[in-house]
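So the structure is just underneath, and the comments pick up after that.
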Amino acid sequence: MREGRSFHSAPDSPRLAVLRRPDRTEFWTETVGREPSVYGERWTESDGRSYRSFEPARSKLSAAIVKGWSGPVPTPGEGWLYLGAASGTTASHVADLVGPTGRVYAVERSLRPFSRLVSLADRWPNLLPILGDAREPTVYAGLVPPAHGIYADIAQADQVEIVLANATLLLEGAGASVLVALKTASMGRDATAPQHVRRAEELLADLLDLEPTVRLDPFHKGHYLVGGSVRAGRLGPARPTVLRPRREPSRERRRR
Ligand SMILES: C[S@@+](CC[C@H](N)C(=O)[O-])C[C@H]1O[C@@H](n2cnc3c(N)ncnc32)[C@H](O)[C@@H]1O
C-alpha cells in the first residue's frame with residue numbers, strides 16, 4: 001500500500017475519488033472493506049483513508065463513469081439492490097460508495113460465484129449476499145427494505161423486464177435510481193445493438209427520467225449503461241419491508 005496520492009471527491013458521490021494524472025483521470029472508491037484485493041485492483045492510503053482503484057476494464061459501472069455517465073451513482077447511506085453480483089467485483093465498489101451506513105443487497109443465482117461473494121461479505125460488512133433468481137423478487141423481498149437504487153448486470157434477454165419487476169416491488173419511490181448494464185449480445189439476434197438499446201430505453205422510459213445512455217466500448221464491447229431516476233407518481237407506496245412470522249393459532253382456537 002502506497003501513501004501520498006491526492007484524491008478529490010466526486011461532487012455527486014463523496015466516496016468516489018478522482019485522481020487526475022497527466023494523461024488520464026482515474027476513479028477510486030474509499031473502501032469499507034479489508035484487504036486482500038478483490039480482483040487485482042490497487043489499494044492505497046491517503047489522509048488516513050483507504051482507497052481501491054475502480055477499474056473500468058473490470059467493472060461496467062466504472063467504465064460508465066469513465067465514459068461520462070451523468071446519471072445517479074450510489075452515495076453514502078443508501079441501500080442498493082444489486083442484481084447479478086457474481087463474485088462481487090462491482091458489488092464491492094457499490095458497497096464502498098454507499099459506505100458504512102449504507103447497504104448492498106447482492107443477488108446472485110449461481111452457486112460458485114455466490115460462495116466467493118459470501119467470503120467477500122466477511123470483509124465488507126455492509127454487503128448482504130442473497131442466493132436467488134432476480135426473476136423472482138417476491139422470494140427475497142422480505143430481506144430487502146425499500147431501496148434507493150437498483151444496479152443490474154445479469155446479461156439476460158429479458159434483463160429490462162426483470163429490472164422493472166424488481167423496481168416495482170422493491171424501490172422506495174420517486175427519485176430512486178435504476179442503472180442497467182445492458183449486454184446487447186444477450187438480447188437476441190433479431191435486432192442491432194442500437195435497436196436493443198432503444199427498446200430498453202422505451203421500456204424504462206415509463207418509469208424513469210432517463211439519463212443519456214453511455215456506450216461502454218472499448219472497456220466492455222457491446223455493452224451500454226442505461227438508466228435514470230424514478231419519475232413522480234410511477235411507483236406505489238413501498239410494501240412492508242420485513243415478512244412477519246406467521247402467527248400460531250391461539251390455544252383457544254386450536255381447541256375448537
Ligand atoms: C456479467 S456477470 C456479473 C458481473 C458483476 N456484476 C460484476 O461487475 O462484478 C452476470 C451475473 O449475473 C448472474 N445472473 C444471471 N441471471 C441471473 C438471475 N436471473 N438472477 C440472479 N443472477 C443472475 C450470473 O450468474 C452472473 O454471475
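All residue names refer to the C-alpha cells as shown: chains lettered A, B, ... in order, residues numbered from 1 in each chain, ligands numbered from 1 in order.
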
Taking only C-alpha atoms and all ligand atoms into account, which residues are within 7 Å of ligand 1, as an NGL selection string? :A and (58-60 or 83-91 or 107-110 or 113 or 132-135 or 153-156)

Looking only at the backbone, which of the residues in range 29-69 of chain A does DSSP tag as alpha helix (DSSP H), as JSON, numbers by chain? {"A": [60, 61, 62, 63, 64, 65, 66]}

Write the selection just made, keeping N, CA and C atoms, as a PDB file, in the first residue's frame?
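What follows is the written file part.pdb:
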ATOM      1  N   LYS A  60     -18.425  -2.549 -15.229  1.00  0.00           N
ATOM      2  CA  LYS A  60     -19.193  -1.728 -16.188  1.00  0.00           C
ATOM      3  C   LYS A  60     -19.597  -0.399 -15.559  1.00  0.00           C
ATOM      4  N   LEU A  61     -19.799  -0.391 -14.256  1.00  0.00           N
ATOM      5  CA  LEU A  61     -20.146   0.886 -13.603  1.00  0.00           C
ATOM      6  C   LEU A  61     -18.965   1.849 -13.691  1.00  0.00           C
ATOM      7  N   SER A  62     -17.772   1.340 -13.428  1.00  0.00           N
ATOM      8  CA  SER A  62     -16.590   2.190 -13.539  1.00  0.00           C
ATOM      9  C   SER A  62     -16.407   2.669 -14.986  1.00  0.00           C
ATOM     10  N   ALA A  63     -16.602   1.749 -15.950  1.00  0.00           N
ATOM     11  CA  ALA A  63     -16.453   2.132 -17.354  1.00  0.00           C
ATOM     12  C   ALA A  63     -17.429   3.250 -17.702  1.00  0.00           C
ATOM     13  N   ALA A  64     -18.664   3.141 -17.190  1.00  0.00           N
ATOM     14  CA  ALA A  64     -19.671   4.174 -17.481  1.00  0.00           C
ATOM     15  C   ALA A  64     -19.237   5.518 -16.910  1.00  0.00           C
ATOM     16  N   ILE A  65     -18.675   5.513 -15.710  1.00  0.00           N
ATOM     17  CA  ILE A  65     -18.230   6.770 -15.089  1.00  0.00           C
ATOM     18  C   ILE A  65     -17.083   7.371 -15.897  1.00  0.00           C
ATOM     19  N   VAL A  66     -16.136   6.508 -16.279  1.00  0.00           N
ATOM     20  CA  VAL A  66     -15.006   6.990 -17.095  1.00  0.00           C
ATOM     21  C   VAL A  66     -15.510   7.578 -18.417  1.00  0.00           C
TER      22      VAL A  66
END

Based on the backbone DSSP call, show me all residues of range 107-229 of chain A assigned strand (DSSP E), as number ranges by chain. A: 107-108, 127-131, 149-152, 177-183, 208-210, 214-215, 223-229

Would you kindly return, as an mmCIF file with all heavy atoms, in the first residue's frame, each protein, DNA or RNA residue with an atom no farther than 12 Å from any atom of range 39-54 of chain A, considering only C-alpha atoms and excluding same-chain residues fewer than 5 positions away?
data_model
loop_
_atom_site.group_PDB
_atom_site.id
_atom_site.type_symbol
_atom_site.label_atom_id
_atom_site.label_comp_id
_atom_site.auth_asym_id
_atom_site.auth_seq_id
_atom_site.Cartn_x
_atom_site.Cartn_y
_atom_site.Cartn_z
ATOM 1 N N MET A 1 0.834 -1.198 0.000
ATOM 2 C CA MET A 1 0.000 0.000 0.000
ATOM 3 C C MET A 1 0.877 1.260 0.000
ATOM 4 O O MET A 1 1.773 1.376 0.807
ATOM 5 C CB MET A 1 -0.852 -0.027 1.276
ATOM 6 C CG MET A 1 -2.112 0.756 1.127
ATOM 7 S SD MET A 1 -3.065 0.732 2.629
ATOM 8 C CE MET A 1 -4.161 -0.615 2.333
ATOM 9 N N ARG A 2 0.657 2.148 -0.977
ATOM 10 C CA ARG A 2 1.480 3.353 -1.062
ATOM 11 C C ARG A 2 0.711 4.549 -0.526
ATOM 12 O O ARG A 2 -0.511 4.587 -0.548
ATOM 13 C CB ARG A 2 1.880 3.614 -2.518
ATOM 14 C CG ARG A 2 3.096 2.810 -2.924
ATOM 15 C CD ARG A 2 3.425 3.046 -4.366
ATOM 16 N NE ARG A 2 2.448 2.396 -5.223
ATOM 17 C CZ ARG A 2 2.248 2.746 -6.484
ATOM 18 N NH1 ARG A 2 2.912 3.736 -7.011
ATOM 19 N NH2 ARG A 2 1.371 2.114 -7.209
ATOM 20 N N GLU A 3 1.448 5.548 -0.041
ATOM 21 C CA GLU A 3 0.823 6.747 0.533
ATOM 22 C C GLU A 3 0.979 7.926 -0.410
ATOM 23 O O GLU A 3 1.761 7.908 -1.334
ATOM 24 C CB GLU A 3 1.540 7.107 1.847
ATOM 25 C CG GLU A 3 1.536 6.004 2.867
ATOM 26 C CD GLU A 3 0.396 6.149 3.844
ATOM 27 O OE1 GLU A 3 -0.302 7.177 3.793
ATOM 28 O OE2 GLU A 3 0.204 5.237 4.640
ATOM 29 N N GLY A 4 0.236 8.980 -0.137
ATOM 30 C CA GLY A 4 0.562 10.274 -0.681
ATOM 31 C C GLY A 4 -0.107 10.659 -1.978
ATOM 32 O O GLY A 4 0.254 11.653 -2.569
ATOM 33 N N ARG A 5 -1.104 9.905 -2.492
ATOM 34 C CA ARG A 5 -1.786 10.359 -3.697
ATOM 35 C C ARG A 5 -2.779 11.442 -3.312
ATOM 36 O O ARG A 5 -3.248 11.481 -2.185
ATOM 37 C CB ARG A 5 -2.538 9.199 -4.340
ATOM 38 C CG ARG A 5 -1.595 8.121 -4.837
ATOM 39 C CD ARG A 5 -2.388 6.894 -5.236
ATOM 40 N NE ARG A 5 -1.525 5.743 -5.327
ATOM 41 C CZ ARG A 5 -1.314 5.064 -6.453
ATOM 42 N NH1 ARG A 5 -1.872 5.423 -7.564
ATOM 43 N NH2 ARG A 5 -0.525 4.017 -6.456
ATOM 44 N N SER A 6 -3.125 12.282 -4.265
ATOM 45 C CA SER A 6 -4.008 13.395 -3.949
ATOM 46 C C SER A 6 -5.386 13.168 -4.592
ATOM 47 O O SER A 6 -5.555 13.328 -5.791
ATOM 48 C CB SER A 6 -3.355 14.678 -4.467
ATOM 49 O OG SER A 6 -4.219 15.724 -4.312
ATOM 50 N N PHE A 7 -6.342 12.745 -3.763
ATOM 51 C CA PHE A 7 -7.679 12.422 -4.261
ATOM 52 C C PHE A 7 -8.625 13.596 -4.055
ATOM 53 O O PHE A 7 -8.511 14.333 -3.076
ATOM 54 C CB PHE A 7 -8.234 11.217 -3.487
ATOM 55 C CG PHE A 7 -7.539 9.932 -3.790
ATOM 56 C CD1 PHE A 7 -6.595 9.413 -2.914
ATOM 57 C CD2 PHE A 7 -7.824 9.237 -4.953
ATOM 58 C CE1 PHE A 7 -5.951 8.218 -3.194
ATOM 59 C CE2 PHE A 7 -7.181 8.037 -5.233
ATOM 60 C CZ PHE A 7 -6.241 7.528 -4.356
ATOM 61 N N HIS A 8 -9.599 13.698 -4.984
ATOM 62 C CA HIS A 8 -10.695 14.657 -4.800
ATOM 63 C C HIS A 8 -11.984 13.858 -4.848
ATOM 64 O O HIS A 8 -12.127 12.953 -5.669
ATOM 65 C CB HIS A 8 -10.708 15.690 -5.922
ATOM 66 C CG HIS A 8 -9.413 16.438 -6.019
ATOM 67 N ND1 HIS A 8 -9.108 17.500 -5.208
ATOM 68 C CD2 HIS A 8 -8.335 16.235 -6.801
ATOM 69 C CE1 HIS A 8 -7.890 17.927 -5.494
ATOM 70 N NE2 HIS A 8 -7.398 17.172 -6.450
ATOM 71 N N SER A 9 -12.950 14.228 -3.996
ATOM 72 C CA SER A 9 -14.235 13.536 -4.038
ATOM 73 C C SER A 9 -15.025 13.975 -5.253
ATOM 74 O O SER A 9 -15.029 15.159 -5.606
ATOM 75 C CB SER A 9 -15.065 13.886 -2.793
ATOM 76 O OG SER A 9 -14.535 13.235 -1.688
ATOM 77 N N ARG A 15 -17.740 9.307 -1.762
ATOM 78 C CA ARG A 15 -16.772 8.221 -1.553
ATOM 79 C C ARG A 15 -16.147 7.751 -2.879
ATOM 80 O O ARG A 15 -15.343 6.834 -2.895
ATOM 81 C CB ARG A 15 -17.417 7.053 -0.803
ATOM 82 C CG ARG A 15 -17.875 7.457 0.606
ATOM 83 C CD ARG A 15 -18.500 6.291 1.325
ATOM 84 N NE ARG A 15 -17.557 5.236 1.579
ATOM 85 C CZ ARG A 15 -16.813 5.108 2.665
ATOM 86 N NH1 ARG A 15 -16.895 6.009 3.623
ATOM 87 N NH2 ARG A 15 -15.995 4.086 2.808
ATOM 88 N N LEU A 16 -16.573 8.392 -3.980
ATOM 89 C CA LEU A 16 -15.930 8.145 -5.269
ATOM 90 C C LEU A 16 -14.821 9.183 -5.402
ATOM 91 O O LEU A 16 -15.077 10.387 -5.367
ATOM 92 C CB LEU A 16 -16.954 8.320 -6.398
ATOM 93 C CG LEU A 16 -16.439 8.119 -7.821
ATOM 94 C CD1 LEU A 16 -15.986 6.670 -8.052
ATOM 95 C CD2 LEU A 16 -17.536 8.476 -8.832
ATOM 96 N N ALA A 17 -13.586 8.699 -5.513
ATOM 97 C CA ALA A 17 -12.450 9.612 -5.505
ATOM 98 C C ALA A 17 -11.870 9.738 -6.908
ATOM 99 O O ALA A 17 -11.782 8.753 -7.650
ATOM 100 C CB ALA A 17 -11.386 9.095 -4.548
ATOM 101 N N VAL A 18 -11.506 10.949 -7.224
ATOM 102 C CA VAL A 18 -10.982 11.244 -8.556
ATOM 103 C C VAL A 18 -9.494 11.546 -8.412
ATOM 104 O O VAL A 18 -9.095 12.308 -7.533
ATOM 105 C CB VAL A 18 -11.702 12.480 -9.140
ATOM 106 C CG1 VAL A 18 -11.252 12.739 -10.581
ATOM 107 C CG2 VAL A 18 -13.215 12.320 -9.066
ATOM 108 N N LEU A 19 -8.704 10.909 -9.265
ATOM 109 C CA LEU A 19 -7.252 11.141 -9.237
ATOM 110 C C LEU A 19 -6.832 11.580 -10.636
ATOM 111 O O LEU A 19 -6.953 10.816 -11.597
ATOM 112 C CB LEU A 19 -6.546 9.840 -8.853
ATOM 113 C CG LEU A 19 -5.036 9.894 -8.684
ATOM 114 C CD1 LEU A 19 -4.629 10.823 -7.544
ATOM 115 C CD2 LEU A 19 -4.500 8.483 -8.398
ATOM 116 N N THR A 25 -7.682 10.427 -16.220
ATOM 117 C CA THR A 25 -8.302 10.571 -14.900
ATOM 118 C C THR A 25 -8.650 9.181 -14.404
ATOM 119 O O THR A 25 -9.254 8.394 -15.142
ATOM 120 C CB THR A 25 -9.577 11.421 -15.014
ATOM 121 O OG1 THR A 25 -9.201 12.712 -15.489
ATOM 122 C CG2 THR A 25 -10.268 11.566 -13.670
ATOM 123 N N GLU A 26 -8.272 8.885 -13.164
ATOM 124 C CA GLU A 26 -8.608 7.586 -12.582
ATOM 125 C C GLU A 26 -9.701 7.774 -11.534
ATOM 126 O O GLU A 26 -9.783 8.816 -10.891
ATOM 127 C CB GLU A 26 -7.381 6.974 -11.895
ATOM 128 C CG GLU A 26 -6.298 6.555 -12.858
ATOM 129 C CD GLU A 26 -5.117 5.907 -12.133
ATOM 130 O OE1 GLU A 26 -5.097 5.886 -10.882
ATOM 131 O OE2 GLU A 26 -4.205 5.436 -12.833
ATOM 132 N N PHE A 27 -10.499 6.710 -11.347
ATOM 133 C CA PHE A 27 -11.505 6.719 -10.292
ATOM 134 C C PHE A 27 -11.173 5.623 -9.285
ATOM 135 O O PHE A 27 -10.747 4.525 -9.664
ATOM 136 C CB PHE A 27 -12.899 6.520 -10.884
ATOM 137 C CG PHE A 27 -13.341 7.704 -11.693
ATOM 138 C CD1 PHE A 27 -13.068 7.771 -13.054
ATOM 139 C CD2 PHE A 27 -13.979 8.778 -11.091
ATOM 140 C CE1 PHE A 27 -13.430 8.886 -13.800
ATOM 141 C CE2 PHE A 27 -14.345 9.901 -11.830
ATOM 142 C CZ PHE A 27 -14.064 9.946 -13.185
ATOM 143 N N TRP A 28 -11.347 5.958 -8.007
ATOM 144 C CA TRP A 28 -11.078 5.041 -6.916
ATOM 145 C C TRP A 28 -12.280 5.091 -5.966
ATOM 146 O O TRP A 28 -13.049 6.063 -6.002
ATOM 147 C CB TRP A 28 -9.810 5.466 -6.148
ATOM 148 C CG TRP A 28 -8.534 5.395 -6.944
ATOM 149 C CD1 TRP A 28 -8.231 6.072 -8.088
ATOM 150 C CD2 TRP A 28 -7.377 4.588 -6.636
ATOM 151 N NE1 TRP A 28 -6.960 5.757 -8.524
ATOM 152 C CE2 TRP A 28 -6.412 4.847 -7.649
ATOM 153 C CE3 TRP A 28 -7.060 3.706 -5.610
ATOM 154 C CZ2 TRP A 28 -5.161 4.231 -7.655
ATOM 155 C CZ3 TRP A 28 -5.808 3.087 -5.622
ATOM 156 C CH2 TRP A 28 -4.871 3.349 -6.640
ATOM 157 N N THR A 29 -12.456 4.073 -5.149
ATOM 158 C CA THR A 29 -13.504 4.172 -4.128
ATOM 159 C C THR A 29 -12.854 4.094 -2.749
ATOM 160 O O THR A 29 -11.908 3.314 -2.537
ATOM 161 C CB THR A 29 -14.571 3.057 -4.279
ATOM 162 O OG1 THR A 29 -13.940 1.765 -4.222
ATOM 163 C CG2 THR A 29 -15.315 3.194 -5.591
ATOM 164 N N GLU A 30 -13.366 4.931 -1.853
ATOM 165 C CA GLU A 30 -12.892 4.865 -0.466
ATOM 166 C C GLU A 30 -13.500 3.608 0.142
ATOM 167 O O GLU A 30 -14.728 3.453 0.173
ATOM 168 C CB GLU A 30 -13.348 6.104 0.314
ATOM 169 C CG GLU A 30 -12.811 6.102 1.728
ATOM 170 C CD GLU A 30 -13.327 7.266 2.556
ATOM 171 O OE1 GLU A 30 -13.837 8.249 1.996
ATOM 172 O OE2 GLU A 30 -13.219 7.157 3.782
ATOM 173 N N THR A 31 -12.649 2.718 0.592
ATOM 174 C CA THR A 31 -13.169 1.386 0.859
ATOM 175 C C THR A 31 -13.733 1.204 2.273
ATOM 176 O O THR A 31 -13.295 1.834 3.234
ATOM 177 C CB THR A 31 -12.112 0.304 0.563
ATOM 178 O OG1 THR A 31 -12.745 -0.966 0.590
ATOM 179 C CG2 THR A 31 -10.968 0.333 1.557
ATOM 180 N N VAL A 32 -14.712 0.318 2.311
ATOM 181 C CA VAL A 32 -15.316 -0.118 3.562
ATOM 182 C C VAL A 32 -14.704 -1.453 3.974
ATOM 183 O O VAL A 32 -14.762 -1.859 5.119
ATOM 184 C CB VAL A 32 -16.841 -0.297 3.331
ATOM 185 C CG1 VAL A 32 -17.508 -1.049 4.444
ATOM 186 C CG2 VAL A 32 -17.519 1.045 3.114
ATOM 187 N N GLY A 33 -14.088 -2.133 2.987
ATOM 188 C CA GLY A 33 -13.631 -3.500 3.214
ATOM 189 C C GLY A 33 -12.167 -3.593 3.638
ATOM 190 O O GLY A 33 -11.487 -2.582 3.806
ATOM 191 N N ARG A 34 -11.754 -4.836 3.822
ATOM 192 C CA ARG A 34 -10.367 -5.112 4.225
ATOM 193 C C ARG A 34 -9.656 -5.865 3.104
ATOM 194 O O ARG A 34 -10.273 -6.573 2.329
ATOM 195 C CB ARG A 34 -10.358 -6.018 5.467
ATOM 196 C CG ARG A 34 -10.955 -5.420 6.714
ATOM 197 C CD ARG A 34 -10.551 -6.267 7.943
ATOM 198 N NE ARG A 34 -10.727 -7.706 7.766
ATOM 199 C CZ ARG A 34 -11.846 -8.354 8.015
ATOM 200 N NH1 ARG A 34 -12.904 -7.719 8.460
ATOM 201 N NH2 ARG A 34 -11.923 -9.671 7.845
ATOM 202 N N SER A 59 -15.123 -3.394 -14.402
ATOM 203 C CA SER A 59 -16.449 -3.047 -13.893
ATOM 204 C C SER A 59 -17.179 -2.155 -14.888
ATOM 205 O O SER A 59 -16.655 -1.114 -15.299
ATOM 206 C CB SER A 59 -16.309 -2.318 -12.555
ATOM 207 O OG SER A 59 -17.548 -1.716 -12.232
ATOM 208 N N LYS A 60 -18.425 -2.549 -15.229
ATOM 209 C CA LYS A 60 -19.193 -1.728 -16.188
ATOM 210 C C LYS A 60 -19.597 -0.399 -15.559
ATOM 211 O O LYS A 60 -19.700 0.614 -16.249
ATOM 212 C CB LYS A 60 -20.406 -2.507 -16.672
ATOM 213 C CG LYS A 60 -20.009 -3.601 -17.638
ATOM 214 C CD LYS A 60 -20.959 -4.764 -17.623
ATOM 215 C CE LYS A 60 -20.179 -6.034 -17.898
ATOM 216 N NZ LYS A 60 -20.855 -7.226 -17.362
ATOM 217 N N LEU A 61 -19.799 -0.391 -14.256
ATOM 218 C CA LEU A 61 -20.146 0.886 -13.603
ATOM 219 C C LEU A 61 -18.965 1.849 -13.691
ATOM 220 O O LEU A 61 -19.127 3.035 -14.018
ATOM 221 C CB LEU A 61 -20.550 0.648 -12.147
ATOM 222 C CG LEU A 61 -20.925 1.904 -11.355
ATOM 223 C CD1 LEU A 61 -22.059 2.678 -12.022
ATOM 224 C CD2 LEU A 61 -21.314 1.538 -9.915
ATOM 225 N N SER A 62 -17.772 1.340 -13.428
ATOM 226 C CA SER A 62 -16.590 2.190 -13.539
ATOM 227 C C SER A 62 -16.407 2.669 -14.986
ATOM 228 O O SER A 62 -16.130 3.858 -15.231
ATOM 229 C CB SER A 62 -15.342 1.437 -13.080
ATOM 230 O OG SER A 62 -14.202 2.213 -13.334
ATOM 231 N N ALA A 63 -16.602 1.749 -15.950
ATOM 232 C CA ALA A 63 -16.453 2.132 -17.354
ATOM 233 C C ALA A 63 -17.429 3.250 -17.702
ATOM 234 O O ALA A 63 -17.082 4.205 -18.406
ATOM 235 C CB ALA A 63 -16.682 0.920 -18.255
ATOM 236 N N ALA A 64 -18.664 3.141 -17.190
ATOM 237 C CA ALA A 64 -19.671 4.174 -17.481
ATOM 238 C C ALA A 64 -19.237 5.518 -16.910
ATOM 239 O O ALA A 64 -19.378 6.559 -17.567
ATOM 240 C CB ALA A 64 -21.019 3.757 -16.900
ATOM 241 N N ILE A 65 -18.675 5.513 -15.710
ATOM 242 C CA ILE A 65 -18.230 6.770 -15.089
ATOM 243 C C ILE A 65 -17.083 7.371 -15.897
ATOM 244 O O ILE A 65 -17.070 8.560 -16.206
ATOM 245 C CB ILE A 65 -17.843 6.521 -13.611
ATOM 246 C CG1 ILE A 65 -19.100 6.165 -12.800
ATOM 247 C CG2 ILE A 65 -17.139 7.734 -13.009
ATOM 248 C CD1 ILE A 65 -18.816 5.600 -11.413
ATOM 249 N N VAL A 66 -16.136 6.508 -16.279
ATOM 250 C CA VAL A 66 -15.006 6.990 -17.095
ATOM 251 C C VAL A 66 -15.510 7.578 -18.417
ATOM 252 O O VAL A 66 -14.993 8.575 -18.914
ATOM 253 C CB VAL A 66 -13.998 5.842 -17.347
ATOM 254 C CG1 VAL A 66 -12.975 6.216 -18.406
ATOM 255 C CG2 VAL A 66 -13.303 5.451 -16.047
ATOM 256 N N SER A 87 -19.117 -12.663 -8.236
ATOM 257 C CA SER A 87 -18.286 -12.830 -7.030
ATOM 258 C C SER A 87 -17.962 -11.489 -6.370
ATOM 259 O O SER A 87 -17.143 -11.425 -5.466
ATOM 260 C CB SER A 87 -17.017 -13.603 -7.356
ATOM 261 O OG SER A 87 -16.422 -13.062 -8.498
ATOM 262 N N GLY A 88 -18.590 -10.398 -6.849
ATOM 263 C CA GLY A 88 -18.519 -9.156 -6.082
ATOM 264 C C GLY A 88 -17.571 -8.093 -6.590
ATOM 265 O O GLY A 88 -17.314 -7.122 -5.881
ATOM 266 N N THR A 89 -17.072 -8.240 -7.826
ATOM 267 C CA THR A 89 -16.139 -7.228 -8.346
ATOM 268 C C THR A 89 -16.754 -5.824 -8.232
ATOM 269 O O THR A 89 -16.223 -4.949 -7.537
ATOM 270 C CB THR A 89 -15.773 -7.541 -9.815
ATOM 271 O OG1 THR A 89 -15.090 -8.796 -9.842
ATOM 272 C CG2 THR A 89 -14.898 -6.471 -10.422
ATOM 273 N N THR A 90 -17.882 -5.612 -8.886
ATOM 274 C CA THR A 90 -18.504 -4.281 -8.838
ATOM 275 C C THR A 90 -19.290 -4.091 -7.548
ATOM 276 O O THR A 90 -19.324 -2.980 -6.986
ATOM 277 C CB THR A 90 -19.424 -4.071 -10.060
ATOM 278 O OG1 THR A 90 -18.644 -4.233 -11.246
ATOM 279 C CG2 THR A 90 -20.047 -2.685 -10.062
ATOM 280 N N ALA A 91 -19.913 -5.155 -7.053
ATOM 281 C CA ALA A 91 -20.726 -5.022 -5.830
ATOM 282 C C ALA A 91 -19.882 -4.497 -4.669
ATOM 283 O O ALA A 91 -20.359 -3.712 -3.840
ATOM 284 C CB ALA A 91 -21.364 -6.360 -5.475
ATOM 285 N N SER A 92 -18.581 -4.900 -4.621
ATOM 286 C CA SER A 92 -17.730 -4.411 -3.527
ATOM 287 C C SER A 92 -17.518 -2.902 -3.658
ATOM 288 O O SER A 92 -17.466 -2.186 -2.646
ATOM 289 C CB SER A 92 -16.386 -5.149 -3.520
ATOM 290 O OG SER A 92 -15.676 -4.917 -4.729
ATOM 291 N N HIS A 93 -17.440 -2.394 -4.898
ATOM 292 C CA HIS A 93 -17.285 -0.947 -5.079
ATOM 293 C C HIS A 93 -18.589 -0.209 -4.752
ATOM 294 O O HIS A 93 -18.555 0.894 -4.198
ATOM 295 C CB HIS A 93 -16.847 -0.628 -6.511
ATOM 296 C CG HIS A 93 -15.402 -0.950 -6.778
ATOM 297 N ND1 HIS A 93 -14.365 -0.218 -6.246
ATOM 298 C CD2 HIS A 93 -14.830 -1.921 -7.514
ATOM 299 C CE1 HIS A 93 -13.208 -0.722 -6.658
ATOM 300 N NE2 HIS A 93 -13.470 -1.768 -7.420
ATOM 301 N N VAL A 94 -19.724 -0.822 -5.111
ATOM 302 C CA VAL A 94 -21.004 -0.186 -4.754
ATOM 303 C C VAL A 94 -21.109 -0.121 -3.224
ATOM 304 O O VAL A 94 -21.531 0.897 -2.658
ATOM 305 C CB VAL A 94 -22.190 -0.950 -5.385
ATOM 306 C CG1 VAL A 94 -23.520 -0.371 -4.912
ATOM 307 C CG2 VAL A 94 -22.118 -0.882 -6.914
ATOM 308 N N ASP A 96 -18.596 0.118 -1.203
ATOM 309 C CA ASP A 96 -17.705 1.226 -0.807
ATOM 310 C C ASP A 96 -18.433 2.560 -0.946
ATOM 311 O O ASP A 96 -18.338 3.436 -0.072
ATOM 312 C CB ASP A 96 -16.459 1.279 -1.700
ATOM 313 C CG ASP A 96 -15.461 0.160 -1.415
ATOM 314 O OD1 ASP A 96 -15.574 -0.498 -0.371
ATOM 315 O OD2 ASP A 96 -14.563 -0.032 -2.262
ATOM 316 N N LEU A 97 -19.149 2.727 -2.069
ATOM 317 C CA LEU A 97 -19.770 4.029 -2.358
ATOM 318 C C LEU A 97 -20.899 4.354 -1.379
ATOM 319 O O LEU A 97 -21.083 5.511 -1.010
ATOM 320 C CB LEU A 97 -20.304 4.050 -3.804
ATOM 321 C CG LEU A 97 -19.243 3.981 -4.898
ATOM 322 C CD1 LEU A 97 -19.895 3.855 -6.273
ATOM 323 C CD2 LEU A 97 -18.347 5.214 -4.864
ATOM 324 N N ARG A 116 -18.038 -17.221 -3.386
ATOM 325 C CA ARG A 116 -16.975 -16.207 -3.257
ATOM 326 C C ARG A 116 -17.544 -14.894 -2.721
ATOM 327 O O ARG A 116 -16.902 -14.178 -1.960
ATOM 328 C CB ARG A 116 -16.280 -15.990 -4.611
ATOM 329 C CG ARG A 116 -15.485 -17.237 -5.055
ATOM 330 C CD ARG A 116 -14.408 -16.887 -6.066
ATOM 331 N NE ARG A 116 -14.971 -16.483 -7.332
ATOM 332 C CZ ARG A 116 -15.246 -17.325 -8.339
ATOM 333 N NH1 ARG A 116 -14.973 -18.617 -8.212
ATOM 334 N NH2 ARG A 116 -15.760 -16.890 -9.457
ATOM 335 N N LEU A 120 -16.454 -12.700 0.529
ATOM 336 C CA LEU A 120 -16.194 -11.258 0.425
ATOM 337 C C LEU A 120 -16.963 -10.492 1.510
ATOM 338 O O LEU A 120 -16.452 -9.528 2.090
ATOM 339 C CB LEU A 120 -16.627 -10.791 -0.966
ATOM 340 C CG LEU A 120 -16.290 -9.362 -1.343
ATOM 341 C CD1 LEU A 120 -14.796 -9.238 -1.615
ATOM 342 C CD2 LEU A 120 -17.075 -8.935 -2.576
#

Using only C-alpha atoms, find each residue in range 14-103 of chain A having at least one atom no more than 12 Å away from range 199-210 of chain A; report its shortest atom-to-atom pair and that distance in Å (one decimal), rows by chain then rising number, as JSON lines.
{"residue": "A:Trp69", "atom": "CA", "partner": "A:Leu210", "partner_atom": "CA", "distance": 11.6}
{"residue": "A:Ser70", "atom": "CA", "partner": "A:Leu210", "partner_atom": "CA", "distance": 10.4}
{"residue": "A:Gly71", "atom": "CA", "partner": "A:Leu210", "partner_atom": "CA", "distance": 8.3}
{"residue": "A:Pro72", "atom": "CA", "partner": "A:Leu210", "partner_atom": "CA", "distance": 10.4}

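Excluding range 124-128 of chain A itself and any same-chain residue fewer than 4 positions from it, the protein and nucleic acid residues within 7 Å of it, counting only C-alpha atoms, are Val32, Gly33, Ala95, Pro100, Gly102, Arg103, Val104, Tyr105, Ala106 and Leu120 of chain A.
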
Contacts of Ala167 in chain A at 8 Å or less, counting only C-alpha atoms, minus same-chain residues fewer than 3 places along, as a ChimeraX atom specification? /A:150,163-164,170-171,178

Selection: 8 Å around Ala141 in chain A, only C-alpha atoms, excl. self and same-chain fewer than 3 positions, as a PyMOL selection string: chain A and resi 137-138+144-145+169-170+241

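Each of A:Ala157, A:Lys67, A:Asn166, A:Glu172 was checked against Asp190 in chain A using only C-alpha atoms; the smallest atom-to-atom distance is that of A:Ala157.
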